[in-house]
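Data first, discussion second: the structure below is written as C-alpha cells.
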Amino acid sequence: IDRFLTGFPGLVTYAVKANPSPDVLLTLAGAGLMTYDVASVEEMATVRRVAPHAQLHYHNPVKSRAEIAQAYRDYGCRRFAADTAREIEKIVEGTAGDRGVEIAVRFRLAREAVSVHDFSSKFGASPEDAARLLRLVGKLGPAPMLTFHPGSQCTDADAFRRHILAAAEIARAARIRIGRLNVGGGFPAGYATSAAPDLSTFFAAIVDAMREAFGGLDRPRIECEPGRGLVATSTSLLTRVKLVRAERREVFLNDGIYGGLMEAYQAPKLMPNARPIRSAGAFATQSAEFTVFGPTCDPLDRMPLALRLPVDIAEDDYVEFGPLGAYGAATSTRFNGYGAGETVHVREAFAD
C-alpha cells in the first residue's frame, strides 16, 4: 500500500473486484485509501459498510438504467465510465443531467502481448470513437475525462506510456480539455511462474509520459485503480490433502479451481507458489511432480501445471498457495458444496 501511496504521482484508488473481503477493505481504508473502483452496486454496498464516506468510481462500462440510478441516488456516486454513446446517454438521464457528474470515456489500443488478461477484447472505444464520445460528453454537460486499462498483470511499463500518449491525442482530436486521466490497473505482482518488474519502473514511465504527452502547465490530474498490484501478496490459501494416489503421483486437495485457485486454471502464468506443510514431523527430502486435483466431481478441477511435492506427502498434510490475495477468495464458488473458507490473520509473510 505504501509503495503506491508514496510512489504513484496522483490519486490511488482500489479496484474492489480483486478482493472485496472486509478485512482487506478495512486495511486499505486504515492506510488512507478513500476512493474505490467498483463494478456493481453490490460492491458499493460492500465498501460503504467498511468505509461509509468513501468515494466511488463506477468504472464498469456496462450498467443498467436501474443500476445507474441507484448508484447516483443511494450511494452518491458521481463518476461513471462508458465506451458507447448509448451508455453516456443512459448516465446523463439516470443522473438527471447533473453537471457535477464525471464521465470517463474508456478507450483501448490494439491488443499487445504484455498482459495476462486482455480487457481490450471486451471494453474500450477505439481512439477515433473515443474522441467522438468525449465531444458528446462535453456537449451533454458532465465533466469529460479519459480512462484506459493496459491489461491485468501488465509487465511492460511502456504500455502505460503508449496509452497516455494516445489519451493526449484523443483529447486534442476532440478539442476537449480533460481534467483527469485514469491510467487503470494492470500493475503486476510476482508469481511462481511470472516475475514482476519493480513498481518504480511503472511510476517513472507514467511521470515521463504525462510530461511528454501533455506538457507542463495544463496536464490532467492522474489516477490509478490497482487491484492485483495492491493486494496480491496480502493473502495465501491453506489447503488440506484429502487423498494421495502415490502410485499415480496424484494429490486431491479440499480446494481447487472452483474455489480459491480458479485464476491459476485460467492463466497458468499466475500460478501461485505452493508450499507443503506438515503439522508434526518432517517431510522426506526427496520430491516428485504430482498432478493436483480439487475436491469436486468435475474432471476440470485440476491444477494446470504439475506441482513438486515431497514424495511422502499424505492425507491431512497441508499445501499453502500464495500470493493469492487477488482473485482468490473473490472468484471462489460453492460448486459441489465446496469453497467455504475461514479467514485467519497471521503476522508471518508467505515464504517461498
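Order determines the names: the first chain of the C-alpha cells is A, the second B, and so forth; residues in each chain are numbered 1 upward, and ligands are numbered 1 upward as they are shown.
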
Which neighbours of Leu324 of chain A fall inside 12 Å, counting only C-alpha atoms, when residues of the same chain fewer than 3 positions from it are skipped, and could you give them as a PDB file with all heavy atoms, in the first residue's frame?
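That gives us out_32.pdb:
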```
ATOM      1  N   ALA A  18     -10.839  -7.206  -7.175  1.00  0.00           N
ATOM      2  CA  ALA A  18      -9.698  -8.083  -6.899  1.00  0.00           C
ATOM      3  C   ALA A  18      -9.863  -8.844  -5.595  1.00  0.00           C
ATOM      4  O   ALA A  18      -9.475 -10.016  -5.492  1.00  0.00           O
ATOM      5  CB  ALA A  18      -8.403  -7.280  -6.868  1.00  0.00           C
ATOM      6  N   ASN A  19     -10.426  -8.178  -4.594  1.00  0.00           N
ATOM      7  CA  ASN A  19     -10.652  -8.824  -3.303  1.00  0.00           C
ATOM      8  C   ASN A  19     -11.578  -7.935  -2.481  1.00  0.00           C
ATOM      9  O   ASN A  19     -11.135  -6.917  -1.936  1.00  0.00           O
ATOM     10  CB  ASN A  19      -9.338  -9.049  -2.565  1.00  0.00           C
ATOM     11  CG  ASN A  19      -9.509  -9.932  -1.334  1.00  0.00           C
ATOM     12  OD1 ASN A  19     -10.548  -9.940  -0.690  1.00  0.00           O
ATOM     13  ND2 ASN A  19      -8.474 -10.682  -0.997  1.00  0.00           N
ATOM     14  N   ALA A 189       2.084  -8.252 -10.039  1.00  0.00           N
ATOM     15  CA  ALA A 189       2.574  -8.859  -8.802  1.00  0.00           C
ATOM     16  C   ALA A 189       3.410 -10.067  -9.179  1.00  0.00           C
ATOM     17  O   ALA A 189       3.294 -10.604 -10.279  1.00  0.00           O
ATOM     18  CB  ALA A 189       1.398  -9.271  -7.914  1.00  0.00           C
ATOM     19  N   GLY A 190       4.271 -10.505  -8.278  1.00  0.00           N
ATOM     20  CA  GLY A 190       5.136 -11.638  -8.552  1.00  0.00           C
ATOM     21  C   GLY A 190       4.465 -12.972  -8.253  1.00  0.00           C
ATOM     22  O   GLY A 190       3.820 -13.130  -7.220  1.00  0.00           O
ATOM     23  N   TYR A 191       4.599 -13.922  -9.187  1.00  0.00           N
ATOM     24  CA  TYR A 191       4.061 -15.272  -9.016  1.00  0.00           C
ATOM     25  C   TYR A 191       5.166 -16.278  -9.289  1.00  0.00           C
ATOM     26  O   TYR A 191       6.240 -15.934  -9.800  1.00  0.00           O
ATOM     27  CB  TYR A 191       2.879 -15.509  -9.960  1.00  0.00           C
ATOM     28  CG  TYR A 191       1.640 -14.728  -9.597  1.00  0.00           C
ATOM     29  CD1 TYR A 191       1.467 -13.416 -10.052  1.00  0.00           C
ATOM     30  CD2 TYR A 191       0.658 -15.284  -8.799  1.00  0.00           C
ATOM     31  CE1 TYR A 191       0.339 -12.689  -9.707  1.00  0.00           C
ATOM     32  CE2 TYR A 191      -0.479 -14.561  -8.455  1.00  0.00           C
ATOM     33  CZ  TYR A 191      -0.633 -13.269  -8.908  1.00  0.00           C
ATOM     34  OH  TYR A 191      -1.747 -12.552  -8.570  1.00  0.00           O
ATOM     35  N   ALA A 192       4.881 -17.551  -8.995  1.00  0.00           N
ATOM     36  CA  ALA A 192       5.887 -18.591  -9.185  1.00  0.00           C
ATOM     37  C   ALA A 192       6.330 -18.684 -10.634  1.00  0.00           C
ATOM     38  O   ALA A 192       7.479 -19.001 -10.935  1.00  0.00           O
ATOM     39  CB  ALA A 192       5.336 -19.935  -8.716  1.00  0.00           C
ATOM     40  N   ARG A 228      -4.900  -6.100  -8.235  1.00  0.00           N
ATOM     41  CA  ARG A 228      -3.861  -7.104  -8.005  1.00  0.00           C
ATOM     42  C   ARG A 228      -2.601  -6.481  -7.411  1.00  0.00           C
ATOM     43  O   ARG A 228      -2.017  -7.001  -6.460  1.00  0.00           O
ATOM     44  CB  ARG A 228      -3.519  -7.783  -9.333  1.00  0.00           C
ATOM     45  CG  ARG A 228      -2.526  -8.929  -9.191  1.00  0.00           C
ATOM     46  CD  ARG A 228      -2.048  -9.406 -10.556  1.00  0.00           C
ATOM     47  NE  ARG A 228      -3.116  -9.699 -11.470  1.00  0.00           N
ATOM     48  CZ  ARG A 228      -3.820 -10.816 -11.466  1.00  0.00           C
ATOM     49  NH1 ARG A 228      -3.554 -11.754 -10.570  1.00  0.00           N
ATOM     50  NH2 ARG A 228      -4.795 -11.009 -12.343  1.00  0.00           N
ATOM     51  N   GLY A 229      -2.165  -5.356  -7.986  1.00  0.00           N
ATOM     52  CA  GLY A 229      -0.923  -4.746  -7.544  1.00  0.00           C
ATOM     53  C   GLY A 229      -0.939  -4.346  -6.084  1.00  0.00           C
ATOM     54  O   GLY A 229       0.116  -4.298  -5.430  1.00  0.00           O
ATOM     55  N   LEU A 230      -2.116  -4.061  -5.539  1.00  0.00           N
ATOM     56  CA  LEU A 230      -2.218  -3.662  -4.137  1.00  0.00           C
ATOM     57  C   LEU A 230      -2.339  -4.844  -3.183  1.00  0.00           C
ATOM     58  O   LEU A 230      -1.776  -4.821  -2.083  1.00  0.00           O
ATOM     59  CB  LEU A 230      -3.435  -2.745  -3.946  1.00  0.00           C
ATOM     60  CG  LEU A 230      -3.218  -1.247  -4.091  1.00  0.00           C
ATOM     61  CD1 LEU A 230      -4.552  -0.507  -4.024  1.00  0.00           C
ATOM     62  CD2 LEU A 230      -2.285  -0.727  -3.006  1.00  0.00           C
ATOM     63  N   VAL A 231      -3.081  -5.884  -3.577  1.00  0.00           N
ATOM     64  CA  VAL A 231      -3.462  -6.887  -2.572  1.00  0.00           C
ATOM     65  C   VAL A 231      -2.974  -8.304  -2.852  1.00  0.00           C
ATOM     66  O   VAL A 231      -3.237  -9.206  -2.058  1.00  0.00           O
ATOM     67  CB  VAL A 231      -5.005  -6.914  -2.396  1.00  0.00           C
ATOM     68  CG1 VAL A 231      -5.514  -5.557  -1.963  1.00  0.00           C
ATOM     69  CG2 VAL A 231      -5.700  -7.376  -3.678  1.00  0.00           C
ATOM     70  N   ALA A 232      -2.269  -8.529  -3.954  1.00  0.00           N
ATOM     71  CA  ALA A 232      -1.885  -9.912  -4.302  1.00  0.00           C
ATOM     72  C   ALA A 232      -1.135 -10.598  -3.170  1.00  0.00           C
ATOM     73  O   ALA A 232      -1.367 -11.775  -2.870  1.00  0.00           O
ATOM     74  CB  ALA A 232      -1.051  -9.926  -5.574  1.00  0.00           C
ATOM     75  N   THR A 233      -0.227  -9.891  -2.532  1.00  0.00           N
ATOM     76  CA  THR A 233       0.613 -10.524  -1.508  1.00  0.00           C
ATOM     77  C   THR A 233      -0.024 -10.524  -0.120  1.00  0.00           C
ATOM     78  O   THR A 233       0.616 -10.942   0.848  1.00  0.00           O
ATOM     79  CB  THR A 233       1.978  -9.821  -1.436  1.00  0.00           C
ATOM     80  OG1 THR A 233       1.775  -8.424  -1.127  1.00  0.00           O
ATOM     81  CG2 THR A 233       2.724  -9.930  -2.763  1.00  0.00           C
ATOM     82  N   SER A 234      -1.266 -10.088  -0.026  1.00  0.00           N
ATOM     83  CA  SER A 234      -1.891  -9.949   1.288  1.00  0.00           C
ATOM     84  C   SER A 234      -2.388 -11.266   1.865  1.00  0.00           C
ATOM     85  O   SER A 234      -2.639 -11.362   3.068  1.00  0.00           O
ATOM     86  CB  SER A 234      -3.074  -8.975   1.205  1.00  0.00           C
ATOM     87  OG  SER A 234      -4.135  -9.537   0.441  1.00  0.00           O
ATOM     88  N   THR A 235      -2.553 -12.272   1.016  1.00  0.00           N
ATOM     89  CA  THR A 235      -3.262 -13.474   1.441  1.00  0.00           C
ATOM     90  C   THR A 235      -2.639 -14.717   0.831  1.00  0.00           C
ATOM     91  O   THR A 235      -2.143 -14.676  -0.304  1.00  0.00           O
ATOM     92  CB  THR A 235      -4.746 -13.400   1.008  1.00  0.00           C
ATOM     93  OG1 THR A 235      -5.319 -12.190   1.487  1.00  0.00           O
ATOM     94  CG2 THR A 235      -5.545 -14.579   1.541  1.00  0.00           C
ATOM     95  N   SER A 236      -2.684 -15.815   1.560  1.00  0.00           N
ATOM     96  CA  SER A 236      -2.379 -17.126   0.988  1.00  0.00           C
ATOM     97  C   SER A 236      -3.534 -18.068   1.328  1.00  0.00           C
ATOM     98  O   SER A 236      -4.380 -17.755   2.168  1.00  0.00           O
ATOM     99  CB  SER A 236      -1.049 -17.669   1.510  1.00  0.00           C
ATOM    100  OG  SER A 236      -1.113 -17.905   2.896  1.00  0.00           O
ATOM    101  N   LEU A 237      -3.575 -19.195   0.645  1.00  0.00           N
ATOM    102  CA  LEU A 237      -4.644 -20.178   0.830  1.00  0.00           C
ATOM    103  C   LEU A 237      -4.046 -21.464   1.386  1.00  0.00           C
ATOM    104  O   LEU A 237      -3.140 -22.047   0.772  1.00  0.00           O
ATOM    105  CB  LEU A 237      -5.329 -20.455  -0.515  1.00  0.00           C
ATOM    106  CG  LEU A 237      -6.381 -21.572  -0.522  1.00  0.00           C
ATOM    107  CD1 LEU A 237      -7.620 -21.135   0.266  1.00  0.00           C
ATOM    108  CD2 LEU A 237      -6.765 -21.937  -1.953  1.00  0.00           C
ATOM    109  N   LEU A 238      -4.546 -21.894   2.523  1.00  0.00           N
ATOM    110  CA  LEU A 238      -4.067 -23.120   3.140  1.00  0.00           C
ATOM    111  C   LEU A 238      -5.060 -24.236   2.831  1.00  0.00           C
ATOM    112  O   LEU A 238      -6.213 -24.199   3.283  1.00  0.00           O
ATOM    113  CB  LEU A 238      -3.921 -22.940   4.651  1.00  0.00           C
ATOM    114  CG  LEU A 238      -3.226 -24.074   5.401  1.00  0.00           C
ATOM    115  CD1 LEU A 238      -1.772 -24.196   4.946  1.00  0.00           C
ATOM    116  CD2 LEU A 238      -3.314 -23.833   6.906  1.00  0.00           C
ATOM    117  N   GLY A 259     -12.741 -23.012  -6.377  1.00  0.00           N
ATOM    118  CA  GLY A 259     -12.578 -22.266  -5.147  1.00  0.00           C
ATOM    119  C   GLY A 259     -11.529 -21.194  -5.317  1.00  0.00           C
ATOM    120  O   GLY A 259     -11.554 -20.408  -6.263  1.00  0.00           O
ATOM    121  N   GLY A 260     -10.549 -21.187  -4.418  1.00  0.00           N
ATOM    122  CA  GLY A 260      -9.567 -20.111  -4.417  1.00  0.00           C
ATOM    123  C   GLY A 260      -8.511 -20.199  -5.490  1.00  0.00           C
ATOM    124  O   GLY A 260      -7.708 -19.275  -5.624  1.00  0.00           O
ATOM    125  N   LEU A 261      -8.483 -21.291  -6.263  1.00  0.00           N
ATOM    126  CA  LEU A 261      -7.421 -21.477  -7.256  1.00  0.00           C
ATOM    127  C   LEU A 261      -7.927 -21.322  -8.687  1.00  0.00           C
ATOM    128  O   LEU A 261      -7.303 -21.792  -9.631  1.00  0.00           O
ATOM    129  CB  LEU A 261      -6.779 -22.856  -7.062  1.00  0.00           C
ATOM    130  CG  LEU A 261      -6.086 -23.027  -5.713  1.00  0.00           C
ATOM    131  CD1 LEU A 261      -5.733 -24.488  -5.463  1.00  0.00           C
ATOM    132  CD2 LEU A 261      -4.833 -22.168  -5.626  1.00  0.00           C
ATOM    133  N   MET A 262      -9.053 -20.644  -8.858  1.00  0.00           N
ATOM    134  CA  MET A 262      -9.645 -20.516 -10.190  1.00  0.00           C
ATOM    135  C   MET A 262      -8.725 -19.803 -11.176  1.00  0.00           C
ATOM    136  O   MET A 262      -8.579 -20.219 -12.328  1.00  0.00           O
ATOM    137  CB  MET A 262     -10.978 -19.767 -10.115  1.00  0.00           C
ATOM    138  CG  MET A 262     -11.655 -19.586 -11.472  1.00  0.00           C
ATOM    139  SD  MET A 262     -13.213 -18.678 -11.382  1.00  0.00           S
ATOM    140  CE  MET A 262     -14.246 -19.884 -10.556  1.00  0.00           C
ATOM    141  N   GLU A 263      -8.070 -18.728 -10.749  1.00  0.00           N
ATOM    142  CA  GLU A 263      -7.283 -17.953 -11.701  1.00  0.00           C
ATOM    143  C   GLU A 263      -6.061 -18.719 -12.191  1.00  0.00           C
ATOM    144  O   GLU A 263      -5.627 -18.550 -13.326  1.00  0.00           O
ATOM    145  CB  GLU A 263      -6.853 -16.611 -11.112  1.00  0.00           C
ATOM    146  CG  GLU A 263      -6.341 -15.683 -12.195  1.00  0.00           C
ATOM    147  CD  GLU A 263      -5.900 -14.332 -11.684  1.00  0.00           C
ATOM    148  OE1 GLU A 263      -5.216 -14.274 -10.654  1.00  0.00           O
ATOM    149  OE2 GLU A 263      -6.227 -13.325 -12.330  1.00  0.00           O
ATOM    150  N   ALA A 264      -5.515 -19.588 -11.364  1.00  0.00           N
ATOM    151  CA  ALA A 264      -4.376 -20.387 -11.797  1.00  0.00           C
ATOM    152  C   ALA A 264      -4.762 -21.283 -12.967  1.00  0.00           C
ATOM    153  O   ALA A 264      -3.961 -21.539 -13.865  1.00  0.00           O
ATOM    154  CB  ALA A 264      -3.854 -21.230 -10.640  1.00  0.00           C
ATOM    155  N   LEU A 270      -0.143 -17.157 -13.777  1.00  0.00           N
ATOM    156  CA  LEU A 270      -0.446 -16.632 -12.451  1.00  0.00           C
ATOM    157  C   LEU A 270      -0.499 -17.744 -11.406  1.00  0.00           C
ATOM    158  O   LEU A 270      -1.172 -17.634 -10.388  1.00  0.00           O
ATOM    159  CB  LEU A 270      -1.771 -15.873 -12.489  1.00  0.00           C
ATOM    160  CG  LEU A 270      -1.805 -14.697 -13.467  1.00  0.00           C
ATOM    161  CD1 LEU A 270      -3.156 -14.010 -13.447  1.00  0.00           C
ATOM    162  CD2 LEU A 270      -0.701 -13.699 -13.160  1.00  0.00           C
ATOM    163  N   MET A 271       0.226 -18.812 -11.675  1.00  0.00           N
ATOM    164  CA  MET A 271       0.295 -19.927 -10.731  1.00  0.00           C
ATOM    165  C   MET A 271       0.982 -19.465  -9.447  1.00  0.00           C
ATOM    166  O   MET A 271       2.102 -18.948  -9.477  1.00  0.00           O
ATOM    167  CB  MET A 271       1.100 -21.059 -11.363  1.00  0.00           C
ATOM    168  CG  MET A 271       1.126 -22.320 -10.548  1.00  0.00           C
ATOM    169  SD  MET A 271      -0.393 -23.240 -10.785  1.00  0.00           S
ATOM    170  CE  MET A 271       0.087 -24.783 -10.001  1.00  0.00           C
ATOM    171  N   PRO A 272       0.301 -19.596  -8.301  1.00  0.00           N
ATOM    172  CA  PRO A 272       0.950 -19.189  -7.051  1.00  0.00           C
ATOM    173  C   PRO A 272       2.006 -20.202  -6.620  1.00  0.00           C
ATOM    174  O   PRO A 272       2.036 -21.346  -7.086  1.00  0.00           O
ATOM    175  CB  PRO A 272      -0.217 -19.161  -6.053  1.00  0.00           C
ATOM    176  CG  PRO A 272      -1.194 -20.137  -6.603  1.00  0.00           C
ATOM    177  CD  PRO A 272      -1.069 -20.069  -8.098  1.00  0.00           C
ATOM    178  N   ASN A 273       2.881 -19.771  -5.736  1.00  0.00           N
ATOM    179  CA  ASN A 273       3.822 -20.696  -5.117  1.00  0.00           C
ATOM    180  C   ASN A 273       3.057 -21.728  -4.295  1.00  0.00           C
ATOM    181  O   ASN A 273       1.992 -21.433  -3.756  1.00  0.00           O
ATOM    182  CB  ASN A 273       4.790 -19.935  -4.204  1.00  0.00           C
ATOM    183  CG  ASN A 273       5.666 -18.969  -4.974  1.00  0.00           C
ATOM    184  OD1 ASN A 273       6.500 -19.371  -5.764  1.00  0.00           O
ATOM    185  ND2 ASN A 273       5.456 -17.682  -4.746  1.00  0.00           N
ATOM    186  N   ALA A 274       3.611 -22.931  -4.195  1.00  0.00           N
ATOM    187  CA  ALA A 274       2.995 -23.985  -3.393  1.00  0.00           C
ATOM    188  C   ALA A 274       4.000 -24.466  -2.356  1.00  0.00           C
ATOM    189  O   ALA A 274       5.132 -24.820  -2.695  1.00  0.00           O
ATOM    190  CB  ALA A 274       2.554 -25.147  -4.284  1.00  0.00           C
ATOM    191  N   GLU A 320       0.157 -24.843   1.131  1.00  0.00           N
ATOM    192  CA  GLU A 320      -0.160 -23.406   1.163  1.00  0.00           C
ATOM    193  C   GLU A 320       0.150 -22.805  -0.200  1.00  0.00           C
ATOM    194  O   GLU A 320       1.242 -22.993  -0.750  1.00  0.00           O
ATOM    195  CB  GLU A 320       0.664 -22.706   2.241  1.00  0.00           C
ATOM    196  CG  GLU A 320       0.346 -21.216   2.344  1.00  0.00           C
ATOM    197  CD  GLU A 320       1.224 -20.503   3.364  1.00  0.00           C
ATOM    198  OE1 GLU A 320       2.243 -21.089   3.799  1.00  0.00           O
ATOM    199  OE2 GLU A 320       0.904 -19.352   3.704  1.00  0.00           O
ATOM    200  N   PHE A 321      -0.822 -22.069  -0.744  1.00  0.00           N
ATOM    201  CA  PHE A 321      -0.659 -21.391  -2.028  1.00  0.00           C
ATOM    202  C   PHE A 321      -0.630 -19.884  -1.801  1.00  0.00           C
ATOM    203  O   PHE A 321      -1.476 -19.332  -1.095  1.00  0.00           O
ATOM    204  CB  PHE A 321      -1.821 -21.725  -2.973  1.00  0.00           C
ATOM    205  CG  PHE A 321      -1.854 -23.159  -3.430  1.00  0.00           C
ATOM    206  CD1 PHE A 321      -2.613 -24.094  -2.744  1.00  0.00           C
ATOM    207  CD2 PHE A 321      -1.131 -23.564  -4.539  1.00  0.00           C
ATOM    208  CE1 PHE A 321      -2.657 -25.416  -3.162  1.00  0.00           C
ATOM    209  CE2 PHE A 321      -1.160 -24.880  -4.963  1.00  0.00           C
ATOM    210  CZ  PHE A 321      -1.928 -25.808  -4.278  1.00  0.00           C
ATOM    211  N   TYR A 327      -8.034 -12.194  -6.660  1.00  0.00           N
ATOM    212  CA  TYR A 327      -8.799 -13.165  -7.439  1.00  0.00           C
ATOM    213  C   TYR A 327      -8.666 -14.584  -6.890  1.00  0.00           C
ATOM    214  O   TYR A 327      -8.669 -15.550  -7.638  1.00  0.00           O
ATOM    215  CB  TYR A 327      -8.408 -13.092  -8.921  1.00  0.00           C
ATOM    216  CG  TYR A 327      -8.517 -11.701  -9.452  1.00  0.00           C
ATOM    217  CD1 TYR A 327      -7.385 -10.922  -9.671  1.00  0.00           C
ATOM    218  CD2 TYR A 327      -9.759 -11.126  -9.666  1.00  0.00           C
ATOM    219  CE1 TYR A 327      -7.488  -9.616 -10.117  1.00  0.00           C
ATOM    220  CE2 TYR A 327      -9.876  -9.811 -10.107  1.00  0.00           C
ATOM    221  CZ  TYR A 327      -8.739  -9.063 -10.328  1.00  0.00           C
ATOM    222  OH  TYR A 327      -8.846  -7.765 -10.758  1.00  0.00           O
ATOM    223  N   GLY A 328      -8.545 -14.701  -5.572  1.00  0.00           N
ATOM    224  CA  GLY A 328      -8.593 -15.986  -4.905  1.00  0.00           C
ATOM    225  C   GLY A 328      -9.978 -16.150  -4.305  1.00  0.00           C
ATOM    226  O   GLY A 328     -10.872 -16.735  -4.919  1.00  0.00           O
ATOM    227  N   ALA A 329     -10.175 -15.583  -3.120  1.00  0.00           N
ATOM    228  CA  ALA A 329     -11.494 -15.626  -2.486  1.00  0.00           C
ATOM    229  C   ALA A 329     -12.546 -14.907  -3.326  1.00  0.00           C
ATOM    230  O   ALA A 329     -13.722 -15.275  -3.306  1.00  0.00           O
ATOM    231  CB  ALA A 329     -11.410 -14.997  -1.093  1.00  0.00           C
ATOM    232  N   ALA A 330     -12.136 -13.910  -4.089  1.00  0.00           N
ATOM    233  CA  ALA A 330     -13.092 -13.114  -4.860  1.00  0.00           C
ATOM    234  C   ALA A 330     -13.830 -13.933  -5.905  1.00  0.00           C
ATOM    235  O   ALA A 330     -14.977 -13.629  -6.250  1.00  0.00           O
ATOM    236  CB  ALA A 330     -12.374 -11.938  -5.535  1.00  0.00           C
ATOM    237  N   THR A 331     -13.195 -14.971  -6.443  1.00  0.00           N
ATOM    238  CA  THR A 331     -13.819 -15.748  -7.517  1.00  0.00           C
ATOM    239  C   THR A 331     -14.219 -17.151  -7.066  1.00  0.00           C
ATOM    240  O   THR A 331     -14.581 -17.994  -7.879  1.00  0.00           O
ATOM    241  CB  THR A 331     -12.857 -15.865  -8.719  1.00  0.00           C
ATOM    242  OG1 THR A 331     -11.603 -16.410  -8.284  1.00  0.00           O
ATOM    243  CG2 THR A 331     -12.611 -14.499  -9.344  1.00  0.00           C
ATOM    244  N   SER A 332     -14.157 -17.419  -5.776  1.00  0.00           N
ATOM    245  CA  SER A 332     -14.493 -18.738  -5.261  1.00  0.00           C
ATOM    246  C   SER A 332     -15.991 -19.001  -5.368  1.00  0.00           C
ATOM    247  O   SER A 332     -16.819 -18.127  -5.106  1.00  0.00           O
ATOM    248  CB  SER A 332     -14.056 -18.850  -3.796  1.00  0.00           C
ATOM    249  OG  SER A 332     -14.341 -20.124  -3.283  1.00  0.00           O
ATOM    250  N   PHE A 350       4.122 -14.907   3.596  1.00  0.00           N
ATOM    251  CA  PHE A 350       4.263 -16.172   2.874  1.00  0.00           C
ATOM    252  C   PHE A 350       5.720 -16.401   2.533  1.00  0.00           C
ATOM    253  O   PHE A 350       6.414 -15.514   2.057  1.00  0.00           O
ATOM    254  CB  PHE A 350       3.430 -16.137   1.589  1.00  0.00           C
ATOM    255  CG  PHE A 350       3.479 -17.422   0.805  1.00  0.00           C
ATOM    256  CD1 PHE A 350       2.573 -18.419   1.034  1.00  0.00           C
ATOM    257  CD2 PHE A 350       4.464 -17.631  -0.152  1.00  0.00           C
ATOM    258  CE1 PHE A 350       2.611 -19.598   0.323  1.00  0.00           C
ATOM    259  CE2 PHE A 350       4.531 -18.799  -0.860  1.00  0.00           C
ATOM    260  CZ  PHE A 350       3.597 -19.788  -0.625  1.00  0.00           C
TER     261      PHE A 350
END
```

Discussion item. Please identify the helix (DSSP H, G or I) residues within segment 4-236 of chain A (assignment by DSSP from backbone atoms) and present them as a count of residues only.
Written reply: 101

Item to complete: Return the single residue from A:Gly10, A:Arg49, A:Leu134, A:Arg180 that is closest to Arg79 of chain A, with distances computed using only C-alpha atoms.
Response: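 The answer is A:Arg180, which sits nearest to Arg79 of chain A.
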
Item to complete: Find the residues near Leu140 of chain A: any atom within 12 Å, counting only C-alpha atoms, skip ones fewer than 6 places away on the same chain, and give them as a PyMOL selection string.
Response: chain A and resi 85+88-93+95-99+101-103+133-134

Worksheet item: Running DSSP on the backbone, which parts of segment 113-169 of chain A land in strand (DSSP E), as a list in words?
Response: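 Across segment 113-169 of chain A, those assigned strand (DSSP E) are Ala143, Pro144, Met145, Leu146 and Thr147 of chain A.
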